[in-house]
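File shown: data_26.tsv. Contents: TSV, C-alpha atoms.
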chain	number	residue	atom	x	y	z
A	1	MET	CA	24.37	46.39	-2.03
A	2	LEU	CA	27.61	46.44	-0.09
A	3	GLY	CA	30.73	45.42	-1.94
A	4	PRO	CA	33.41	43.07	-0.58
A	5	ASP	CA	35.51	46.04	0.56
A	6	ASP	CA	32.61	47.26	2.68
A	7	ALA	CA	32.05	44.02	4.57
A	8	GLY	CA	34.04	45.15	7.59
A	9	LYS	CA	32.15	48.41	7.89
A	10	THR	CA	28.85	49.09	9.65
A	11	THR	CA	26.69	46.73	7.63
A	12	ALA	CA	23.52	47.72	9.45
A	13	LYS	CA	23.88	51.34	8.35
A	14	PHE	CA	23.22	50.11	4.83
A	15	TYR	CA	20.33	47.91	5.86
A	16	GLY	CA	18.70	50.62	7.94
A	17	ARG	CA	18.96	48.89	11.31
A	18	LYS	CA	21.43	49.00	14.19
A	19	THR	CA	23.78	46.03	14.52
A	20	LEU	CA	25.05	46.42	18.06
A	21	VAL	CA	27.09	43.96	20.08
A	22	HIS	CA	24.53	42.26	22.28
A	23	PRO	CA	25.30	41.88	26.02
A	24	LEU	CA	24.99	38.12	25.62
A	25	MET	CA	27.79	37.92	23.07
A	26	LYS	CA	30.13	36.32	25.61
A	27	VAL	CA	27.49	33.75	26.52
A	28	CYS	CA	27.09	32.86	22.86
A	29	SER	CA	30.82	32.57	22.33
A	30	LYS	CA	31.11	30.15	25.23
A	31	ALA	CA	28.11	28.21	23.97
A	32	ARG	CA	29.52	27.61	20.52
A	33	GLY	CA	29.47	23.88	19.84
A	34	SER	CA	27.14	23.22	22.78
A	35	ASN	CA	23.39	23.26	23.33
A	36	MET	CA	21.91	26.64	22.40
A	37	LYS	CA	18.52	26.48	24.14
A	38	HIS	CA	19.30	29.42	26.42
A	39	VAL	CA	20.48	31.90	23.82
A	40	ALA	CA	18.34	35.00	24.14
A	41	ARG	CA	15.64	35.70	21.58
A	42	LYS	CA	16.88	39.29	21.36
A	43	LEU	CA	20.17	38.16	19.90
A	44	ILE	CA	18.45	35.94	17.35
A	45	GLU	CA	16.32	38.89	16.28
A	46	GLN	CA	19.46	40.96	15.70
A	47	LEU	CA	21.20	38.37	13.52
A	48	PRO	CA	20.95	38.99	9.75
A	49	LYS	CA	18.58	36.49	8.16
A	50	THR	CA	16.83	35.41	4.97
A	51	ASP	CA	13.33	34.08	4.38
A	52	LEU	CA	13.28	32.19	1.09
A	53	HIS	CA	10.06	30.19	1.47
A	54	CYS	CA	7.31	32.58	2.45
A	55	HIS	CA	3.82	32.65	0.95
A	56	PHE	CA	2.54	36.20	0.69
A	57	ASP	CA	-1.15	35.41	1.23
A	58	GLY	CA	-0.41	33.11	4.17
A	59	SER	CA	1.68	35.79	5.87
A	60	ILE	CA	-0.47	38.92	6.05
A	61	ARG	CA	-1.33	40.45	9.41
A	62	ILE	CA	-4.51	39.17	11.09
A	63	GLU	CA	-5.55	42.78	11.74
A	64	THR	CA	-5.17	43.55	8.04
A	65	MET	CA	-7.20	40.50	7.12
A	66	ILE	CA	-10.03	41.69	9.36
A	67	ASP	CA	-9.83	45.29	8.13
A	68	LEU	CA	-9.93	44.24	4.48
A	69	ALA	CA	-12.80	41.85	5.17
A	70	LYS	CA	-14.86	44.66	6.67
A	71	ARG	CA	-14.01	46.99	3.82
A	72	ASN	CA	-14.87	44.46	1.11
A	73	ASN	CA	-17.85	42.80	2.78
A	74	VAL	CA	-16.11	39.46	3.21
A	75	SER	CA	-17.73	37.31	5.89
A	76	LEU	CA	-15.45	36.00	8.63
A	77	PHE	CA	-16.24	33.77	11.60
A	78	SER	CA	-15.19	36.61	13.90
A	79	TYR	CA	-13.69	40.07	13.61
A	80	GLU	CA	-11.80	39.68	16.88
A	81	PRO	CA	-8.17	38.70	16.13
A	82	SER	CA	-7.71	36.14	18.93
A	83	VAL	CA	-11.06	34.47	18.24
A	84	LEU	CA	-10.39	34.31	14.51
A	85	MET	CA	-6.88	32.92	15.06
A	86	GLU	CA	-8.34	30.14	17.21
A	87	HIS	CA	-11.20	29.35	14.83
A	88	MET	CA	-8.92	29.19	11.76
A	89	LYS	CA	-6.36	27.17	13.74
A	90	TYR	CA	-3.61	29.60	12.76
A	91	GLY	CA	-0.53	28.59	14.73
A	92	ARG	CA	-2.06	25.19	15.52
A	93	VAL	CA	-1.42	21.60	14.40
A	94	ARG	CA	-3.83	20.43	11.68
A	95	ARG	CA	-4.80	16.92	10.66
A	96	SER	CA	-3.27	17.18	7.18
A	97	LEU	CA	-1.71	19.47	4.61
A	98	GLU	CA	-5.12	19.81	2.97
A	99	GLU	CA	-6.68	21.09	6.23
A	100	TYR	CA	-3.79	23.52	6.61
A	101	LEU	CA	-4.34	24.82	3.07
A	102	ALA	CA	-8.02	25.47	3.86
A	103	GLY	CA	-6.83	28.33	6.06
A	104	PHE	CA	-5.95	30.27	2.91
A	105	GLU	CA	-9.56	30.64	1.76
A	106	PRO	CA	-10.44	33.82	3.72
A	107	LEU	CA	-6.98	35.24	3.03
A	108	ILE	CA	-7.49	34.90	-0.71
A	109	ALA	CA	-10.98	36.37	-0.38
A	110	VAL	CA	-9.74	39.64	1.11
A	111	LEU	CA	-6.89	40.07	-1.40
A	112	GLN	CA	-8.84	40.80	-4.59
A	113	HIS	CA	-8.13	44.52	-5.11
A	114	ALA	CA	-4.84	46.05	-6.20
A	115	ASP	CA	-4.59	48.57	-3.36
A	116	ASP	CA	-5.32	45.87	-0.77
A	117	ILE	CA	-2.72	43.55	-2.29
A	118	GLU	CA	-0.12	46.32	-2.32
A	119	ARG	CA	-0.85	47.23	1.30
A	120	ALA	CA	-0.68	43.66	2.59
A	121	PHE	CA	2.45	42.80	0.58
A	122	PHE	CA	4.23	45.90	1.89
A	123	GLU	CA	3.31	44.99	5.47
A	124	VAL	CA	4.75	41.48	5.13
A	125	CYS	CA	8.01	43.07	3.98
A	126	GLU	CA	7.87	45.47	6.93
A	127	ASP	CA	7.38	42.61	9.39
A	128	ALA	CA	10.34	40.73	7.93
A	129	ALA	CA	12.55	43.82	8.06
A	130	ALA	CA	11.59	44.36	11.71
A	131	GLU	CA	13.35	41.10	12.65
A	132	ASN	CA	16.40	41.93	10.52
A	133	VAL	CA	15.62	39.81	7.48
A	134	TRP	CA	18.02	41.14	4.86
A	135	HIS	CA	16.65	39.17	1.91
A	136	LEU	CA	13.02	38.13	1.49
A	137	GLU	CA	11.48	36.04	-1.29
A	138	LEU	CA	7.68	36.17	-1.33
A	139	ARG	CA	5.74	33.67	-3.44
A	140	TYR	CA	2.12	33.70	-4.54
A	141	CYS	CA	-0.24	32.44	-7.23
A	142	PRO	CA	-1.48	35.50	-9.18
A	143	TYR	CA	-4.64	33.97	-10.62
A	144	LEU	CA	-6.00	33.31	-7.12
A	145	HIS	CA	-6.41	37.08	-6.79
A	146	THR	CA	-8.43	37.63	-9.97
A	147	LYS	CA	-11.93	36.86	-8.72
A	148	LYS	CA	-13.03	40.51	-8.82
A	149	ASN	CA	-11.85	41.64	-12.23
A	150	LEU	CA	-8.12	42.05	-11.60
A	151	THR	CA	-5.87	40.40	-14.18
A	152	SER	CA	-2.90	38.27	-13.13
A	153	LYS	CA	-0.66	40.94	-14.63
A	154	GLU	CA	-2.24	43.61	-12.43
A	155	VAL	CA	-1.75	41.41	-9.36
A	156	VAL	CA	1.97	41.11	-10.08
A	157	GLU	CA	2.25	44.82	-10.75
A	158	ALA	CA	0.68	45.60	-7.36
A	159	CYS	CA	3.15	43.27	-5.63
A	160	ILE	CA	6.10	44.78	-7.51
A	161	LYS	CA	4.99	48.26	-6.50
A	162	ALA	CA	4.84	47.15	-2.86
A	163	SER	CA	8.22	45.42	-2.96
A	164	GLU	CA	9.92	48.47	-4.48
A	165	ARG	CA	8.38	50.68	-1.77
A	166	ALA	CA	9.58	48.26	0.91
A	167	GLU	CA	13.11	48.16	-0.45
A	168	ARG	CA	13.28	51.96	-0.31
A	169	ALA	CA	11.66	52.20	3.11
A	170	PHE	CA	13.49	49.40	4.92
A	171	ASN	CA	16.65	48.73	2.88
A	172	ILE	CA	15.57	45.11	2.54
A	173	SER	CA	16.09	43.00	-0.58
A	174	VAL	CA	12.69	41.73	-1.78
A	175	LYS	CA	12.15	39.35	-4.71
A	176	GLN	CA	9.13	37.43	-5.95
A	177	ILE	CA	8.41	33.84	-6.95
A	178	LEU	CA	5.26	33.13	-8.95
A	179	CYS	CA	3.43	29.88	-8.19
A	180	GLY	CA	1.21	27.63	-10.21
A	181	LEU	CA	-0.94	25.12	-8.34
A	182	LYS	CA	-0.35	21.44	-9.08
A	183	ASN	CA	-4.06	20.64	-8.97
A	184	ASP	CA	-4.95	23.30	-11.56
A	185	PRO	CA	-5.18	22.93	-15.37
A	186	HIS	CA	-2.02	22.94	-17.44
A	187	ALA	CA	-3.01	26.14	-19.26
A	188	SER	CA	-3.44	28.12	-16.03
A	189	VAL	CA	-0.05	27.03	-14.69
A	190	PHE	CA	1.71	27.61	-18.00
A	191	ALA	CA	0.32	31.17	-18.07
A	192	ILE	CA	2.02	31.79	-14.72
A	193	ALA	CA	5.35	30.67	-16.15
A	194	GLU	CA	4.86	33.08	-19.04
A	195	LEU	CA	3.95	35.86	-16.62
A	196	ALA	CA	7.01	35.20	-14.48
A	197	ALA	CA	9.23	35.41	-17.55
A	198	ALA	CA	7.59	38.69	-18.59
A	199	PHE	CA	8.45	40.26	-15.21
A	200	ARG	CA	11.91	38.73	-14.83
A	201	ASP	CA	13.56	42.15	-15.01
A	202	SER	CA	11.14	43.67	-12.50
A	203	GLY	CA	11.85	41.61	-9.39
A	204	VAL	CA	10.33	38.23	-10.28
A	205	VAL	CA	13.15	35.72	-9.91
A	206	GLY	CA	11.53	32.29	-9.78
A	207	PHE	CA	8.77	29.84	-10.61
A	208	ASP	CA	7.19	27.36	-8.21
A	209	LEU	CA	4.57	24.62	-8.11
A	210	ALA	CA	2.61	24.62	-4.87
A	211	GLY	CA	-0.69	23.22	-3.57
A	212	PRO	CA	-1.64	19.65	-2.65
A	213	GLU	CA	0.93	16.97	-3.47
A	214	THR	CA	-0.90	13.65	-3.39
A	215	GLY	CA	-2.25	12.73	-6.82
A	216	TYR	CA	-0.77	15.76	-8.59
A	217	PRO	CA	2.67	14.88	-9.98
A	218	ILE	CA	5.04	17.64	-11.00
A	219	LYS	CA	5.57	16.11	-14.44
A	220	HIS	CA	2.06	17.20	-15.46
A	221	HIS	CA	3.36	20.77	-15.56
A	222	GLN	CA	6.76	20.09	-17.09
A	223	ALA	CA	6.12	22.43	-20.04
A	224	ALA	CA	5.60	25.36	-17.65
A	225	ILE	CA	8.81	24.53	-15.79
A	226	PHE	CA	10.78	24.32	-19.03
A	227	TRP	CA	9.38	27.66	-20.18
A	228	ALA	CA	10.49	29.28	-16.94
A	229	LYS	CA	13.97	27.74	-17.17
A	230	LYS	CA	14.27	28.75	-20.83
A	231	HIS	CA	13.71	32.33	-19.72
A	232	HIS	CA	16.43	32.12	-17.07
A	233	LEU	CA	14.23	31.94	-13.98
A	234	PHE	CA	15.16	30.00	-10.89
A	235	ILE	CA	13.03	26.94	-10.09
A	236	THR	CA	11.84	25.90	-6.64
A	237	LEU	CA	9.24	23.17	-6.28
A	238	HIS	CA	7.22	21.99	-3.29
A	239	ALA	CA	8.01	18.33	-2.71
A	240	GLY	CA	8.36	15.74	0.03
A	241	GLU	CA	5.97	17.40	2.45
A	242	SER	CA	2.91	15.15	2.32
A	243	CYS	CA	4.45	12.69	-0.16
A	244	GLY	CA	7.54	10.51	0.07
A	245	PRO	CA	11.00	11.04	-1.41
A	246	ASP	CA	9.79	10.03	-4.89
A	247	SER	CA	8.19	13.46	-5.17
A	248	ILE	CA	11.55	15.06	-4.35
A	249	SER	CA	13.27	12.92	-6.97
A	250	GLU	CA	10.65	14.02	-9.47
A	251	ALA	CA	11.19	17.68	-8.57
A	252	LEU	CA	14.91	17.29	-9.20
A	253	HIS	CA	15.06	14.98	-12.21
A	254	GLU	CA	11.88	15.97	-14.05
A	255	GLY	CA	11.45	19.49	-12.71
A	256	PHE	CA	15.17	20.34	-12.54
A	257	ALA	CA	14.63	22.35	-9.35
A	258	HIS	CA	17.39	24.56	-7.99
A	259	ARG	CA	15.72	24.37	-4.57
A	260	VAL	CA	13.15	22.08	-2.97
A	261	GLY	CA	10.36	23.39	-0.77
A	262	HIS	CA	10.15	21.46	2.54
A	263	GLY	CA	11.64	18.09	1.50
A	264	THR	CA	10.97	16.58	4.92
A	265	SER	CA	10.79	13.00	3.59
A	266	LEU	CA	14.28	13.21	2.12
A	267	THR	CA	15.77	11.18	4.96
A	268	LYS	CA	13.82	8.12	3.77
A	269	ASP	CA	16.07	7.80	0.70
A	270	PRO	CA	19.79	7.82	1.65
A	271	ALA	CA	20.96	7.86	-1.97
A	272	LEU	CA	18.76	10.86	-2.77
A	273	LEU	CA	19.95	12.55	0.42
A	274	ASP	CA	23.52	12.18	-0.83
A	275	TYR	CA	22.53	13.49	-4.25
A	276	VAL	CA	20.97	16.64	-2.80
A	277	ALA	CA	24.05	17.24	-0.64
A	278	ASP	CA	26.53	16.54	-3.43
A	279	HIS	CA	24.78	18.81	-5.95
A	280	ARG	CA	24.31	21.66	-3.45
A	281	ILE	CA	20.56	21.81	-4.00
A	282	GLY	CA	18.87	24.19	-1.60
A	283	VAL	CA	16.35	22.72	0.83
A	284	GLU	CA	13.82	25.22	2.19
A	285	ALA	CA	13.02	23.89	5.65
A	286	CYS	CA	9.98	25.33	7.45
A	287	PRO	CA	9.98	23.49	10.79
A	288	ILE	CA	6.88	24.93	12.49
A	289	SER	CA	4.76	24.69	9.36
A	290	ASN	CA	5.96	21.12	8.80
A	291	TRP	CA	4.75	20.28	12.30
A	292	HIS	CA	1.42	22.02	11.72
A	293	THR	CA	0.75	20.17	8.44
A	294	GLY	CA	1.68	16.79	9.87
A	295	ALA	CA	4.81	16.42	7.75
A	296	VAL	CA	6.57	15.71	11.05
A	297	LYS	CA	4.90	14.46	14.24
A	298	SER	CA	6.74	16.93	16.46
A	299	LEU	CA	9.41	19.59	16.22
A	300	SER	CA	11.84	17.24	17.94
A	301	GLU	CA	11.46	14.88	14.95
A	302	HIS	CA	12.13	17.49	12.29
A	303	PRO	CA	15.03	16.40	10.03
A	304	ILE	CA	16.70	19.82	9.82
A	305	LYS	CA	19.56	18.72	12.10
A	306	ILE	CA	20.04	15.54	10.06
A	307	PHE	CA	20.22	17.72	6.96
A	308	LEU	CA	22.84	19.92	8.60
A	309	ASP	CA	24.87	16.97	9.83
A	310	HIS	CA	24.76	15.51	6.33
A	311	GLY	CA	26.06	18.71	4.79
A	312	LEU	CA	22.90	19.76	2.94
A	313	ARG	CA	22.43	23.37	1.92
A	314	VAL	CA	19.34	23.68	4.13
A	315	SER	CA	17.93	27.07	5.11
A	316	ILE	CA	15.30	27.96	7.69
A	317	ASN	CA	12.09	29.70	6.58
A	318	THR	CA	8.59	30.64	7.76
A	319	ASP	CA	6.33	29.25	4.99
A	320	ASN	CA	3.30	31.21	6.30
A	321	ARG	CA	3.81	33.85	8.93
A	322	LEU	CA	0.11	34.09	9.79
A	323	CYS	CA	-1.11	30.54	9.17
A	324	SER	CA	1.68	29.19	11.38
A	325	ASP	CA	1.87	32.29	13.61
A	326	THR	CA	5.63	32.44	13.16
A	327	THR	CA	8.69	34.49	12.24
A	328	ILE	CA	12.22	33.50	11.29
A	329	THR	CA	13.25	34.29	14.86
A	330	GLU	CA	10.54	31.97	16.15
A	331	GLU	CA	11.67	29.21	13.76
A	332	ILE	CA	15.25	29.46	15.01
A	333	MET	CA	14.13	29.46	18.63
A	334	ALA	CA	11.97	26.41	17.94
A	335	VAL	CA	14.83	24.31	16.55
A	336	MET	CA	17.13	25.43	19.37
A	337	GLU	CA	14.59	24.41	21.98
A	338	ASN	CA	13.62	21.08	20.39
A	339	LEU	CA	16.79	19.87	18.68
A	340	ASP	CA	20.43	19.72	19.71
A	341	ILE	CA	21.38	22.65	17.49
A	342	THR	CA	24.73	24.35	18.09
A	343	MET	CA	25.76	27.94	17.49
A	344	ASP	CA	27.84	26.83	14.51
A	345	GLN	CA	24.80	25.10	13.04
A	346	ILE	CA	22.65	28.21	13.47
A	347	ARG	CA	25.31	30.14	11.60
A	348	LYS	CA	25.35	27.50	8.89
A	349	LEU	CA	21.56	27.68	8.50
A	350	LEU	CA	21.75	31.44	8.02
A	351	ILE	CA	24.71	31.22	5.62
A	352	ASN	CA	22.84	28.60	3.60
A	353	GLY	CA	19.97	31.05	3.25
A	354	PHE	CA	22.22	33.65	1.67
A	355	LYS	CA	23.95	31.05	-0.51
A	356	SER	CA	20.60	29.69	-1.75
A	357	ALA	CA	19.02	33.09	-2.45
A	358	PHE	CA	17.68	33.59	-5.96
A	359	LEU	CA	20.06	36.47	-6.58
A	360	PRO	CA	22.99	37.02	-8.95
A	361	TYR	CA	26.20	35.46	-7.65
A	362	ARG	CA	27.84	38.81	-6.94
A	363	GLU	CA	24.85	39.92	-4.86
A	364	ARG	CA	25.00	36.72	-2.82
A	365	ALA	CA	28.74	37.11	-2.32
A	366	ARG	CA	28.34	40.68	-1.04
A	367	LEU	CA	25.54	39.66	1.32
A	368	LEU	CA	27.63	36.80	2.69
A	369	LEU	CA	30.59	39.07	3.38
A	370	ALA	CA	28.31	41.54	5.13
A	371	PHE	CA	26.65	38.73	7.09
A	372	ASN	CA	29.98	37.37	8.30
A	373	ALA	CA	31.06	40.81	9.47
A	374	ALA	CA	27.78	41.32	11.33
A	375	TRP	CA	28.03	37.86	12.92
A	376	GLU	CA	31.51	38.57	14.23
A	377	ARG	CA	30.34	41.83	15.80
A	378	LEU	CA	27.32	40.19	17.42
A	379	VAL	CA	28.66	36.80	18.40
A	380	GLY	CA	32.44	36.86	18.08
Written as structure tokens, that's how I'd like the structure from this file.
Amino acid sequence: MLGPDDAGKTTAKFYGRKTLVHPLMKVCSKARGSNMKHVARKLIEQLPKTDLHCHFDGSIRIETMIDLAKRNNVSLFSYEPSVLMEHMKYGRVRRSLEEYLAGFEPLIAVLQHADDIERAFFEVCEDAAAENVWHLELRYCPYLHTKKNLTSKEVVEACIKASERAERAFNISVKQILCGLKNDPHASVFAIAELAAAFRDSGVVGFDLAGPETGYPIKHHQAAIFWAKKHHLFITLHAGESCGPDSISEALHEGFAHRVGHGTSLTKDPALLDYVADHRIGVEACPISNWHTGAVKSLSEHPIKIFLDHGLRVSINTDNRLCSDTTITEEIMAVMENLDITMDQIRKLLINGFKSAFLPYRERARLLLAFNAAWERLVG
């Protein structure tokens, strides 16, 4: 990583991509503090970014899904990408979080062999690097990929192999978060916490509880969370997406989360909103996914601007690159086009991503210095 003394140098040389002053820099400078709807997508693509809330299985390429299905005799509705995208409602609004989660079934089915997992994981990293994501955190539930004789340990090893290859190939920082599912037995989830701790020195940085929220309180898996914390892992917990702010309170006060996944219902509890702001708890906003799952009725109603105005450490993330047919660039464009987001607020969103990264403090500090230097070259 770059050190503080290197922040004024050509940051992109280190990250393997060109960071050139975009022709629209002057436009952006004039637009600072005003509506940003007309800022060019090309500039957004060039800005250094993070993606902290990204599910590996929900983010593989549709072409890879089809190729792996053919290779492994997995039945799909269609083997034509556009037809399959439409049938699975990828990139479309669903009726509920549960309907959205159903889109993972064929994705899980094609990711049951180590070589296939490694390939798909590497490609997700490649896609992130292509839009200048400097730091990527991919999360997944290992035991979902053990239906054809792989062990959870072998699943993690395949992902680690892919992430190390991607870091060498693209000069991108890649870390992993292991997930247990809230609706699964305690023993299965606890085993994931143990596995995460075992691989803490190999790129696994965090533990998460994902899956359906309603009827599956976080406190049922408190032992797994405590085990992960005891072994110095970061904790991020899905909360406040299909449930109210009580689930966020539970994630913080019974799950002791360092970050909260989604947290869209946070605005319904002003005291809790203040608490999250005051304690600098990271909020992983995923606007397009939140619209698709019904967590918000429209992108124009997403609370990300309220979070920014209230001083929350909110970052912008993809959640599922395939299931929501999105990228970080697309997420930023979406909030610019649907909310009164200023250039300063875009910068704050990106800074919050680097500040909230599950990395050692010195690594975050170096990334922030490099980010600020790159921003000044691109935007002024």
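Using only C-alpha atoms, the residues found no farther than 9 Å from Trp134 of chain A, other than those of its own chain fewer than 5 positions away, are Tyr15, Pro48, Lys49, Thr50, Asp51, Ala128, Ala129, Asn171, Ile172, Ser173, Val174 and Leu367 of chain A.
Picture a line from atom CA of Leu52 of chain A to atom CA of Asn317 of chain A; it runs 6.1 Å.
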Could you name the residues that touch Leu273 of chain A at 12 Å or less, counting only C-alpha atoms, but leaving out those on the same chain fewer than 2 positions away, as a ChimeraX atom specification? /A:245-246,248-249,252,263-271,275-283,303,306-314
Counting only C-alpha atoms, give me one row per residue of segment 129-181 of chain A with an atom at most 8 Å from an atom of segment 194-217 of chain A, showing the shortest contact pair and its distance in Å to one decimal, sorted by chain then residue number, as CSV.
residue,atom,partner,partner_atom,distance
A:Lys153,CA,A:Leu195,CA,7.1
A:Ile160,CA,A:Gly203,CA,6.8
A:Val174,CA,A:Gly203,CA,7.7
A:Lys175,CA,A:Gly203,CA,5.2
A:Gln176,CA,A:Val204,CA,4.6
A:Ile177,CA,A:Gly206,CA,4.5
A:Leu178,CA,A:Phe207,CA,5.1
A:Cys179,CA,A:Asp208,CA,4.5
A:Gly180,CA,A:Leu209,CA,5.0
A:Leu181,CA,A:Ala210,CA,5.0
Could you state the separation of atom CA of Phe371 of chain A and atom CA of Arg321 of chain A in Å, given to one decimal place? 23.4 Å
What separation in Å, quoted to one decimal, exists between atom CA of Cys243 of chain A and atom CA of Ala295 of chain A? 8.8 Å
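The nearest approach to Phe354 of chain A among the residues A:Ser289, A:Thr146, A:Asn372, A:Ser247, with all atoms listed in the file taken into account, belongs to A:Asn372.
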If we count all atoms listed in the file, what is near Ile332 of chain A at a cut-off of 10 Å, once residues fewer than 2 positions away on the same chain are taken out, given as a PyMOL selection string? chain A and resi 41+44-45+287-288+316-318+327-330+334-337+341+346+349-350
Using all atoms listed in the file, determine which residues lie at most 12 Å from Trp291 of chain A, disregarding the query and same-chain residues fewer than 3 positions distant; provide the list as a PyMOL selection string. chain A and resi 91-97+100+241-242+262+264+285-288+294-303+318-319+324+331+334-335
